[in-house]
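For reference, my_file-v1.pdb (PDB, C-alpha atoms):
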```
ATOM      1  CA  MET A   1     123.552  17.788-205.342
ATOM      2  CA  GLU A   2     124.210  21.239-203.899
ATOM      3  CA  SER A   3     127.725  21.775-202.534
ATOM      4  CA  SER A   4     128.274  22.857-198.935
ATOM      5  CA  LEU A   5     129.822  26.087-200.194
ATOM      6  CA  ALA A   6     126.742  26.835-202.310
ATOM      7  CA  TYR A   7     124.497  26.172-199.291
ATOM      8  CA  LYS A   8     126.640  28.382-197.041
ATOM      9  CA  THR A   9     126.623  31.173-199.651
ATOM     10  CA  LYS A  10     122.824  31.050-199.879
ATOM     11  CA  GLN A  11     122.528  31.237-196.105
ATOM     12  CA  ILE A  12     124.786  34.283-195.911
ATOM     13  CA  ILE A  13     122.936  36.029-198.745
ATOM     14  CA  LYS A  14     119.619  35.346-197.013
ATOM     15  CA  LYS A  15     120.867  36.439-193.577
ATOM     16  CA  TYR A  16     122.124  39.803-194.803
ATOM     17  CA  GLY A  17     119.466  40.369-197.453
ATOM     18  CA  PHE A  18     122.133  40.832-200.104
ATOM     19  CA  SER A  19     121.113  41.487-203.731
ATOM     20  CA  PHE A  20     123.474  40.832-206.629
ATOM     21  CA  LYS A  21     124.304  43.856-208.792
ATOM     22  CA  LYS A  22     124.805  43.258-212.511
ATOM     23  CA  ASN A  23     126.760  46.485-212.995
ATOM     24  CA  PHE A  24     129.484  45.127-210.698
ATOM     25  CA  GLY A  25     129.587  41.752-212.474
ATOM     26  CA  GLN A  26     128.952  39.874-209.237
ATOM     27  CA  ASN A  27     129.149  36.086-209.499
ATOM     28  CA  PHE A  28     130.227  34.281-206.326
ATOM     29  CA  LEU A  29     132.283  31.094-206.668
ATOM     30  CA  VAL A  30     130.500  28.150-205.002
ATOM     31  CA  ASP A  31     132.707  25.215-206.039
ATOM     32  CA  GLU A  32     135.258  24.025-203.450
ATOM     33  CA  ARG A  33     137.371  22.227-206.068
ATOM     34  CA  VAL A  34     137.947  25.414-208.039
ATOM     35  CA  LEU A  35     138.669  27.274-204.805
ATOM     36  CA  ASP A  36     141.379  24.724-203.988
ATOM     37  CA  LYS A  37     142.896  25.053-207.474
ATOM     38  CA  ILE A  38     143.159  28.829-207.076
ATOM     39  CA  ILE A  39     144.838  28.470-203.677
ATOM     40  CA  ASN A  40     147.290  25.881-205.013
ATOM     41  CA  ALA A  41     148.101  27.974-208.100
ATOM     42  CA  ALA A  42     148.772  31.039-205.949
ATOM     43  CA  ASP A  43     151.289  29.069-203.842
ATOM     44  CA  ILE A  44     150.713  31.389-200.895
ATOM     45  CA  GLY A  45     153.316  31.770-198.151
ATOM     46  CA  GLU A  46     153.612  33.749-194.929
ATOM     47  CA  ASN A  47     155.670  36.509-196.593
ATOM     48  CA  ASP A  48     153.067  37.083-199.306
ATOM     49  CA  LEU A  49     150.954  40.194-199.678
ATOM     50  CA  ILE A  50     147.804  39.170-201.541
ATOM     51  CA  ILE A  51     145.818  41.847-203.328
ATOM     52  CA  GLU A  52     142.337  40.450-203.873
ATOM     53  CA  VAL A  53     139.861  42.098-206.217
ATOM     54  CA  GLY A  54     136.171  41.483-205.601
ATOM     55  CA  PRO A  55     136.164  39.333-202.433
ATOM     56  CA  GLY A  56     132.388  38.882-202.532
ATOM     57  CA  ILE A  57     131.450  37.348-199.169
ATOM     58  CA  GLY A  58     135.058  36.466-198.353
ATOM     59  CA  THR A  59     135.153  32.742-199.108
ATOM     60  CA  LEU A  60     138.470  32.883-200.972
ATOM     61  CA  THR A  61     139.665  35.670-198.671
ATOM     62  CA  GLN A  62     139.497  33.425-195.612
ATOM     63  CA  ALA A  63     141.303  30.564-197.337
ATOM     64  CA  MET A  64     144.135  32.887-198.396
ATOM     65  CA  ALA A  65     144.387  34.626-195.021
ATOM     66  CA  ARG A  66     145.145  31.277-193.363
ATOM     67  CA  LYS A  67     148.370  31.084-195.419
ATOM     68  CA  ALA A  68     149.345  34.671-196.319
ATOM     69  CA  GLY A  69     151.119  37.335-194.326
ATOM     70  CA  ARG A  70     148.565  39.942-195.409
ATOM     71  CA  VAL A  71     145.456  40.013-197.598
ATOM     72  CA  VAL A  72     144.193  43.334-198.925
ATOM     73  CA  SER A  73     140.710  42.898-200.393
ATOM     74  CA  VAL A  74     139.370  45.622-202.663
ATOM     75  CA  GLU A  75     135.570  45.607-202.910
ATOM     76  CA  ILE A  76     133.681  48.218-204.928
ATOM     77  CA  ASP A  77     130.240  47.354-203.525
ATOM     78  CA  ARG A  78     129.798  49.263-200.247
ATOM     79  CA  THR A  79     126.885  47.002-199.212
ATOM     80  CA  LEU A  80     129.306  44.061-198.994
ATOM     81  CA  VAL A  81     131.775  45.813-196.690
ATOM     82  CA  PRO A  82     129.871  45.368-193.375
ATOM     83  CA  ILE A  83     129.146  41.756-194.344
ATOM     84  CA  LEU A  84     132.847  41.137-194.972
ATOM     85  CA  GLU A  85     133.876  42.897-191.773
ATOM     86  CA  GLU A  86     131.609  40.632-189.730
ATOM     87  CA  LEU A  87     132.457  37.392-191.529
ATOM     88  CA  LEU A  88     136.213  38.082-191.409
ATOM     89  CA  GLU A  89     136.411  39.542-187.893
ATOM     90  CA  ASP A  90     138.417  36.587-186.557
ATOM     91  CA  PHE A  91     141.340  37.420-188.881
ATOM     92  CA  ASP A  92     143.869  40.112-187.988
ATOM     93  CA  ASN A  93     145.722  40.006-191.329
ATOM     94  CA  ILE A  94     142.930  41.181-193.656
ATOM     95  CA  ASP A  95     142.361  44.761-194.810
ATOM     96  CA  ILE A  96     139.124  45.600-196.618
ATOM     97  CA  ILE A  97     139.182  48.597-198.940
ATOM     98  CA  ASN A  98     135.897  49.899-200.341
ATOM     99  CA  ASP A  99     137.025  51.316-203.671
ATOM    100  CA  ASP A 100     137.377  50.727-207.414
ATOM    101  CA  ILE A 101     140.588  48.792-208.162
ATOM    102  CA  LEU A 102     141.026  50.848-211.350
ATOM    103  CA  LYS A 103     141.204  54.034-209.274
ATOM    104  CA  ILE A 104     143.547  52.805-206.564
ATOM    105  CA  ASP A 105     147.260  53.615-206.505
ATOM    106  CA  ILE A 106     148.445  50.016-206.308
ATOM    107  CA  ASN A 107     152.093  51.052-206.006
ATOM    108  CA  ALA A 108     151.274  53.119-202.908
ATOM    109  CA  LEU A 109     149.401  50.157-201.432
ATOM    110  CA  ILE A 110     152.398  47.891-202.027
ATOM    111  CA  GLU A 111     154.765  50.482-200.560
ATOM    112  CA  LYS A 112     152.972  50.120-197.198
ATOM    113  CA  HIS A 113     154.102  46.489-197.044
ATOM    114  CA  LYS A 114     157.748  46.685-198.096
ATOM    115  CA  GLY A 115     159.649  43.443-198.254
ATOM    116  CA  MET A 116     156.627  41.267-198.970
ATOM    117  CA  THR A 117     156.108  39.249-202.146
ATOM    118  CA  VAL A 118     153.088  40.672-203.960
ATOM    119  CA  LYS A 119     150.480  38.558-205.751
ATOM    120  CA  MET A 120     147.083  39.475-207.109
ATOM    121  CA  VAL A 121     144.239  36.984-206.825
ATOM    122  CA  ALA A 122     140.915  37.948-208.347
ATOM    123  CA  ASN A 123     137.615  36.777-209.745
ATOM    124  CA  LEU A 124     137.562  39.671-212.185
ATOM    125  CA  PRO A 125     134.360  41.178-213.560
ATOM    126  CA  TYR A 126     134.563  40.670-217.313
ATOM    127  CA  ASN A 127     134.306  44.393-218.082
ATOM    128  CA  ILE A 128     137.528  45.259-216.215
ATOM    129  CA  THR A 129     139.616  42.166-217.047
ATOM    130  CA  THR A 130     141.813  43.684-219.730
ATOM    131  CA  PRO A 131     142.128  47.170-218.165
ATOM    132  CA  ILE A 132     143.335  45.902-214.782
ATOM    133  CA  ILE A 133     145.732  43.312-216.220
ATOM    134  CA  MET A 134     147.203  45.771-218.732
ATOM    135  CA  THR A 135     147.549  48.472-216.064
ATOM    136  CA  ILE A 136     149.651  46.137-213.918
ATOM    137  CA  LEU A 137     151.787  44.951-216.832
ATOM    138  CA  GLU A 138     152.340  48.236-218.655
ATOM    139  CA  LYS A 139     153.040  50.220-215.474
ATOM    140  CA  HIS A 140     155.457  47.512-214.301
ATOM    141  CA  ILE A 141     153.756  47.257-210.916
ATOM    142  CA  PRO A 142     156.026  45.009-208.818
ATOM    143  CA  MET A 143     154.109  41.754-208.525
ATOM    144  CA  GLU A 144     155.281  38.185-208.722
ATOM    145  CA  SER A 145     152.099  36.839-210.276
ATOM    146  CA  LEU A 146     148.436  37.316-211.053
ATOM    147  CA  ILE A 147     146.022  34.434-210.527
ATOM    148  CA  VAL A 148     142.789  35.591-212.083
ATOM    149  CA  MET A 149     139.405  34.198-212.998
ATOM    150  CA  VAL A 150     138.422  35.585-216.388
ATOM    151  CA  GLN A 151     136.134  34.761-219.285
ATOM    152  CA  LYS A 152     137.357  31.494-220.795
ATOM    153  CA  GLU A 153     138.006  32.999-224.214
ATOM    154  CA  VAL A 154     140.222  35.691-222.703
ATOM    155  CA  ALA A 155     142.293  33.125-220.773
ATOM    156  CA  TYR A 156     142.715  31.048-223.915
ATOM    157  CA  ARG A 157     143.852  34.099-225.884
ATOM    158  CA  MET A 158     146.505  34.998-223.321
ATOM    159  CA  ASN A 159     147.844  31.444-223.422
ATOM    160  CA  ALA A 160     147.542  30.880-227.204
ATOM    161  CA  LYS A 161     150.313  29.840-229.586
ATOM    162  CA  PRO A 162     150.890  31.027-233.184
ATOM    163  CA  SER A 163     148.636  29.732-235.962
ATOM    164  CA  THR A 164     145.769  28.894-233.605
ATOM    165  CA  LYS A 165     142.330  30.511-233.632
ATOM    166  CA  ASP A 166     142.831  32.129-230.214
ATOM    167  CA  TYR A 167     146.205  33.684-231.078
ATOM    168  CA  GLY A 168     146.226  37.454-231.370
ATOM    169  CA  SER A 169     147.548  40.727-229.996
ATOM    170  CA  LEU A 170     146.499  39.875-226.410
ATOM    171  CA  SER A 171     148.503  36.622-226.612
ATOM    172  CA  LEU A 172     151.651  38.490-227.604
ATOM    173  CA  VAL A 173     151.325  41.291-225.064
ATOM    174  CA  ALA A 174     150.635  38.825-222.233
ATOM    175  CA  GLN A 175     153.583  36.650-223.240
ATOM    176  CA  TYR A 176     155.889  39.675-223.541
ATOM    177  CA  TYR A 177     155.384  40.426-219.850
ATOM    178  CA  CYS A 178     154.415  37.051-218.391
ATOM    179  CA  GLU A 179     154.574  33.306-218.442
ATOM    180  CA  PRO A 180     150.891  32.286-218.721
ATOM    181  CA  TYR A 181     149.615  28.992-217.342
ATOM    182  CA  LEU A 182     146.021  27.820-217.663
ATOM    183  CA  VAL A 183     145.047  26.556-214.206
ATOM    184  CA  ALA A 184     141.482  25.370-214.729
ATOM    185  CA  ASN A 185     138.380  25.694-216.840
ATOM    186  CA  VAL A 186     135.429  26.818-214.738
ATOM    187  CA  PRO A 187     131.920  26.126-216.078
ATOM    188  CA  ARG A 188     129.156  28.602-215.354
ATOM    189  CA  ASN A 189     127.436  26.286-212.867
ATOM    190  CA  CYS A 190     130.302  26.913-210.426
ATOM    191  CA  PHE A 191     128.934  30.392-209.699
ATOM    192  CA  MET A 192     125.982  32.006-208.005
ATOM    193  CA  PRO A 193     124.243  33.435-209.924
ATOM    194  CA  ARG A 194     125.303  31.636-213.091
ATOM    195  CA  PRO A 195     126.986  33.912-215.653
ATOM    196  CA  ASN A 196     126.140  33.626-219.341
ATOM    197  CA  VAL A 197     129.610  32.347-220.259
ATOM    198  CA  ASP A 198     132.190  29.887-218.963
ATOM    199  CA  SER A 199     135.301  31.086-217.162
ATOM    200  CA  ALA A 200     138.875  29.957-216.597
ATOM    201  CA  VAL A 201     141.574  30.551-214.019
ATOM    202  CA  ILE A 202     144.897  31.658-215.474
ATOM    203  CA  ARG A 203     148.175  32.318-213.683
ATOM    204  CA  LEU A 204     150.340  35.053-215.131
ATOM    205  CA  LYS A 205     153.853  34.853-213.679
ATOM    206  CA  LEU A 206     155.525  38.178-214.341
ATOM    207  CA  LEU A 207     158.915  37.928-216.022
ATOM    208  CA  ASP A 208     161.960  39.772-214.663
ATOM    209  CA  SER A 209     162.635  40.961-218.202
ATOM    210  CA  PRO A 210     160.918  40.461-221.583
ATOM    211  CA  PRO A 211     161.855  37.306-223.516
ATOM    212  CA  VAL A 212     162.865  39.394-226.550
ATOM    213  CA  ASP A 213     164.980  42.514-227.063
ATOM    214  CA  VAL A 214     163.130  45.389-228.715
ATOM    215  CA  ASP A 215     164.379  48.854-229.558
ATOM    216  CA  ASN A 216     160.980  50.488-229.112
ATOM    217  CA  GLU A 217     158.402  48.739-226.917
ATOM    218  CA  SER A 218     155.487  51.035-227.792
ATOM    219  CA  PHE A 219     156.191  50.616-231.520
ATOM    220  CA  LEU A 220     156.199  46.819-231.080
ATOM    221  CA  PHE A 221     152.750  46.874-229.487
ATOM    222  CA  GLU A 222     151.344  49.244-232.133
ATOM    223  CA  PHE A 223     152.817  47.014-234.843
ATOM    224  CA  ILE A 224     151.253  43.889-233.296
ATOM    225  CA  LYS A 225     147.892  45.635-233.007
ATOM    226  CA  ALA A 226     148.031  46.638-236.667
ATOM    227  CA  ALA A 227     149.105  43.128-237.717
ATOM    228  CA  PHE A 228     145.872  41.692-236.290
ATOM    229  CA  SER A 229     143.591  44.555-237.312
ATOM    230  CA  GLN A 230     142.541  42.597-240.414
ATOM    231  CA  ARG A 231     143.231  39.030-239.399
ATOM    232  CA  ARG A 232     142.892  37.347-242.798
ATOM    233  CA  LYS A 233     145.053  39.877-244.628
ATOM    234  CA  THR A 234     148.790  39.618-245.083
ATOM    235  CA  LEU A 235     151.191  41.463-242.802
ATOM    236  CA  VAL A 236     152.199  43.640-245.754
ATOM    237  CA  ASN A 237     148.616  44.819-246.265
ATOM    238  CA  CYS A 238     147.934  45.348-242.555
ATOM    239  CA  ILE A 239     151.079  47.397-241.904
ATOM    240  CA  CYS A 240     151.108  49.387-245.140
ATOM    241  CA  ASN A 241     147.433  50.290-244.646
ATOM    242  CA  SER A 242     148.284  51.641-241.194
ATOM    243  CA  SER A 243     150.149  54.792-240.169
ATOM    244  CA  LEU A 244     153.153  52.828-238.867
ATOM    245  CA  SER A 245     155.184  52.768-242.052
ATOM    246  CA  ASP A 246     155.705  54.994-245.066
ATOM    247  CA  MET A 247     157.127  52.080-247.064
ATOM    248  CA  SER A 248     155.260  50.866-250.115
ATOM    249  CA  LYS A 249     153.902  47.330-250.120
ATOM    250  CA  GLU A 250     156.712  46.324-252.471
ATOM    251  CA  GLU A 251     159.364  47.801-250.170
ATOM    252  CA  PHE A 252     157.918  46.204-247.042
ATOM    253  CA  GLY A 253     157.591  42.879-248.851
ATOM    254  CA  LEU A 254     161.281  43.032-249.801
ATOM    255  CA  LEU A 255     162.180  43.827-246.190
ATOM    256  CA  LEU A 256     160.329  40.715-245.014
ATOM    257  CA  VAL A 257     162.079  38.557-247.607
ATOM    258  CA  SER A 258     165.478  39.970-246.557
ATOM    259  CA  LEU A 259     164.683  38.898-242.987
ATOM    260  CA  GLY A 260     163.783  35.365-244.077
ATOM    261  CA  TYR A 261     159.958  35.646-244.236
ATOM    262  CA  ASP A 262     157.502  35.024-247.038
ATOM    263  CA  GLU A 263     156.120  38.344-248.284
ATOM    264  CA  MET A 264     152.626  36.791-248.005
ATOM    265  CA  VAL A 265     153.045  35.953-244.307
ATOM    266  CA  ARG A 266     150.188  36.769-241.918
ATOM    267  CA  GLY A 267     150.574  38.079-238.398
ATOM    268  CA  GLU A 268     148.827  35.043-236.922
ATOM    269  CA  SER A 269     151.760  32.801-237.881
ATOM    270  CA  LEU A 270     154.500  34.968-236.360
ATOM    271  CA  THR A 271     156.019  34.482-232.914
ATOM    272  CA  LEU A 272     156.898  37.246-230.468
ATOM    273  CA  SER A 273     160.535  36.872-231.566
ATOM    274  CA  ASP A 274     159.486  37.323-235.192
ATOM    275  CA  PHE A 275     157.611  40.513-234.397
ATOM    276  CA  ALA A 276     160.581  41.876-232.439
ATOM    277  CA  LYS A 277     162.948  41.064-235.302
ATOM    278  CA  ILE A 278     160.781  42.824-237.891
ATOM    279  CA  CYS A 279     160.150  45.860-235.690
ATOM    280  CA  ASN A 280     163.828  46.292-234.831
ATOM    281  CA  SER A 281     164.646  46.322-238.545
ATOM    282  CA  MET A 282     162.212  49.205-239.078
ATOM    283  CA  ILE A 283     163.471  51.518-236.308
TER     284      ILE A 283
END
```
Show me, as structure tokens, the structure contained in the file I just sent.
Amino acid sequence: MESSLAYKTKQIIKKYGFSFKKNFGQNFLVDERVLDKIINAADIGENDLIIEVGPGIGTLTQAMARKAGRVVSVEIDRTLVPILEELLEDFDNIDIINDDILKIDINALIEKHKGMTVKMVANLPYNITTPIIMTILEKHIPMESLIVMVQKEVAYRMNAKPSTKDYGSLSLVAQYYCEPYLVANVPRNCFMPRPNVDSAVIRLKLLDSPPVDVDNESFLFEFIKAAFSQRRKTLVNCICNSSLSDMSKEEFGLLLVSLGYDEMVRGESLTLSDFAKICNSMI
């Protein structure tokens, strides 16, 4: 049975003659239950500034605007802007920006709303998921949390634990900056049109400070990347085959043993604390 949200979405699309554009990764959420889970996970209050990426026809936008102090919706598709302006005209706390989120100065946008708690809520196109999340994390943009809809595999990787198939460099980088929480799995039939893969909503609560002390943050991330460059090989092989160390395999193996690790250890079994410990010993 078709949901009321799916019916409403079809009516709006028909009324405005809107055509979905694959290059923008447009898939509108048409499941009320998932919508409610996103709203609950965002825990929106009247002092919150919500930065929304890809509002579509404004379904989630309206729900957030009823609770938030301000919602700034960034929509790259100019054909959606007049539709949004008409559908959201009853709200005085929504700003619609027709631009590419990857080209916007998010810090400048936040600066306009000093004193507000900043959260990002987004149904992210798969092709910009990692770039936008990493931009926010690496540039230390002052946000409390990100509640994002991403490809299911990406959400699982960010939330993964050591020695699991999803664990990798993305897991460690996400967990260095954030506390990830998997909110909900979202099957493809919750969207219009249906994407080719399933999605998931993940909440990334930004940490005030990293959970580990590292002497060189950029070296840590390069080391982690190298450790997973050849997943089935030992850490010794991965690091000594990279440009990160001029130690021989024997020397690096002895270093690992001196730190309490097996010289045959693989990166996939090491925690963030383990990586920090090894990296600090090499600086």
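The nearest approach to Asp48 in chain A among the residues A:Glu138, A:Glu111, A:Asp95, A:Glu144, with all atoms listed in the file taken into account, belongs to A:Glu144.
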Can you pull out every residue within 8 Å of Leu80 in chain A, counting all atoms listed in the file, but drop anything in the same chain fewer than 2 positions away, and send it as a short mmCIF file (atom, residue, chain, number, x, y, z; two decimals) with C-alpha atoms, in the frame of the given file?
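Once written, part.cif looks like this:
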```cif
data_model
loop_
_atom_site.label_atom_id
_atom_site.label_comp_id
_atom_site.auth_asym_id
_atom_site.auth_seq_id
_atom_site.Cartn_x
_atom_site.Cartn_y
_atom_site.Cartn_z
CA PHE A 18 122.13 40.83 -200.10
CA GLY A 56 132.39 38.88 -202.53
CA ILE A 57 131.45 37.35 -199.17
CA GLU A 75 135.57 45.61 -202.91
CA ASP A 77 130.24 47.35 -203.52
CA ARG A 78 129.80 49.26 -200.25
CA PRO A 82 129.87 45.37 -193.38
CA ILE A 83 129.15 41.76 -194.34
CA LEU A 84 132.85 41.14 -194.97
#
```
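Of the residues under consideration (A:Ile283, A:Gln151, A:Pro162, A:Arg266), A:Ile283 shows the shortest atom-to-atom contact distance to Asn216 in chain A when counting all atoms listed in the file.
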query: Looking at all atoms listed in the file, which of A:Ala122, A:Ala184, A:Leu244, A:Leu102 is the one that sits closest to Ser145 in chain A?
result: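 Distance minimum relative to Ser145 in chain A lands on A:Ala122.
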- prompt: CA of Phe191 in chain A and CA of Val74 in chain A are how many Å apart?
  reply: 19.8 Å
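Between Ala174 in chain A and the candidates A:Ile147, A:Leu204, A:Val186, A:Ile50, the tightest atom-to-atom separation, counting all atoms listed in the file, involves A:Leu204.
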Could you pull range 83-157 of chain A out of the structure just shown and give C-alpha atoms as an mmCIF file, in the first residue's frame?
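To be explicit, this is the file written out as part-v5.cif:
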```
data_model
loop_
_atom_site.group_PDB
_atom_site.id
_atom_site.type_symbol
_atom_site.label_atom_id
_atom_site.label_comp_id
_atom_site.auth_asym_id
_atom_site.auth_seq_id
_atom_site.Cartn_x
_atom_site.Cartn_y
_atom_site.Cartn_z
ATOM 1 C CA ILE A 83 9.099 24.709 -5.777
ATOM 2 C CA LEU A 84 10.672 24.897 -2.318
ATOM 3 C CA GLU A 85 9.947 28.605 -1.984
ATOM 4 C CA GLU A 86 6.257 28.004 -2.666
ATOM 5 C CA LEU A 87 5.898 24.887 -0.519
ATOM 6 C CA LEU A 88 7.763 26.460 2.421
ATOM 7 C CA GLU A 89 6.302 29.974 2.207
ATOM 8 C CA ASP A 90 4.429 29.618 5.509
ATOM 9 C CA PHE A 91 7.722 29.290 7.431
ATOM 10 C CA ASP A 92 9.755 32.350 8.402
ATOM 11 C CA ASN A 93 12.746 30.395 9.756
ATOM 12 C CA ILE A 94 13.912 28.687 6.545
ATOM 13 C CA ASP A 95 16.621 29.971 4.204
ATOM 14 C CA ILE A 96 17.046 28.299 0.816
ATOM 15 C CA ILE A 97 20.465 28.548 -0.804
ATOM 16 C CA ASN A 98 20.868 27.450 -4.421
ATOM 17 C CA ASP A 99 24.469 26.268 -4.436
ATOM 18 C CA ASP A 100 26.834 23.297 -4.189
ATOM 19 C CA ILE A 101 27.500 22.425 -0.526
ATOM 20 C CA LEU A 102 31.106 21.559 -1.438
ATOM 21 C CA LYS A 103 31.662 25.127 -2.641
ATOM 22 C CA ILE A 104 30.017 26.951 0.242
ATOM 23 C CA ASP A 105 31.979 28.545 3.080
ATOM 24 C CA ILE A 106 30.169 26.731 5.878
ATOM 25 C CA ASN A 107 32.073 28.625 8.572
ATOM 26 C CA ALA A 108 30.847 31.940 7.141
ATOM 27 C CA LEU A 109 27.289 30.598 7.089
ATOM 28 C CA ILE A 110 27.563 29.566 10.740
ATOM 29 C CA GLU A 111 29.076 32.930 11.673
ATOM 30 C CA LYS A 112 25.813 34.620 10.600
ATOM 31 C CA HIS A 113 23.990 32.739 13.362
ATOM 32 C CA LYS A 114 26.321 33.124 16.338
ATOM 33 C CA GLY A 115 25.262 31.481 19.551
ATOM 34 C CA MET A 116 23.214 28.739 17.917
ATOM 35 C CA THR A 117 23.976 25.025 18.154
ATOM 36 C CA VAL A 118 24.843 23.780 14.671
ATOM 37 C CA LYS A 119 23.742 20.420 13.268
ATOM 38 C CA MET A 120 23.839 19.076 9.744
ATOM 39 C CA VAL A 121 20.987 16.904 8.510
ATOM 40 C CA ALA A 122 21.255 15.493 5.013
ATOM 41 C CA ASN A 123 20.166 12.821 2.585
ATOM 42 C CA LEU A 124 23.559 12.888 0.908
ATOM 43 C CA PRO A 125 24.101 11.962 -2.734
ATOM 44 C CA TYR A 126 26.461 8.994 -2.656
ATOM 45 C CA ASN A 127 29.119 10.734 -4.760
ATOM 46 C CA ILE A 128 29.670 13.528 -2.210
ATOM 47 C CA THR A 129 29.239 11.547 1.032
ATOM 48 C CA THR A 130 32.894 11.193 1.957
ATOM 49 C CA PRO A 131 34.037 14.623 0.680
ATOM 50 C CA ILE A 132 31.442 16.590 2.657
ATOM 51 C CA ILE A 133 31.856 14.577 5.867
ATOM 52 C CA MET A 134 35.661 14.742 5.718
ATOM 53 C CA THR A 135 35.587 18.476 4.952
ATOM 54 C CA ILE A 136 33.569 19.125 8.111
ATOM 55 C CA LEU A 137 35.734 16.869 10.275
ATOM 56 C CA GLU A 138 39.185 17.798 8.991
ATOM 57 C CA LYS A 139 38.473 21.544 8.928
ATOM 58 C CA HIS A 140 37.029 21.343 12.453
ATOM 59 C CA ILE A 141 33.852 23.143 11.410
ATOM 60 C CA PRO A 142 31.987 23.859 14.669
ATOM 61 C CA MET A 143 29.050 21.466 14.612
ATOM 62 C CA GLU A 144 27.523 19.384 17.347
ATOM 63 C CA SER A 145 26.485 16.522 15.093
ATOM 64 C CA LEU A 146 25.810 15.243 11.607
ATOM 65 C CA ILE A 147 22.732 13.116 10.959
ATOM 66 C CA VAL A 148 23.177 11.829 7.443
ATOM 67 C CA MET A 149 21.587 9.341 5.095
ATOM 68 C CA VAL A 150 24.350 7.506 3.255
ATOM 69 C CA GLN A 151 24.914 4.258 1.399
ATOM 70 C CA LYS A 152 24.492 1.436 3.912
ATOM 71 C CA GLU A 153 28.012 0.113 3.429
ATOM 72 C CA VAL A 154 29.493 3.530 4.186
ATOM 73 C CA ALA A 155 27.472 3.867 7.411
ATOM 74 C CA TYR A 156 28.559 0.403 8.498
ATOM 75 C CA ARG A 157 32.209 1.241 7.822
#
```
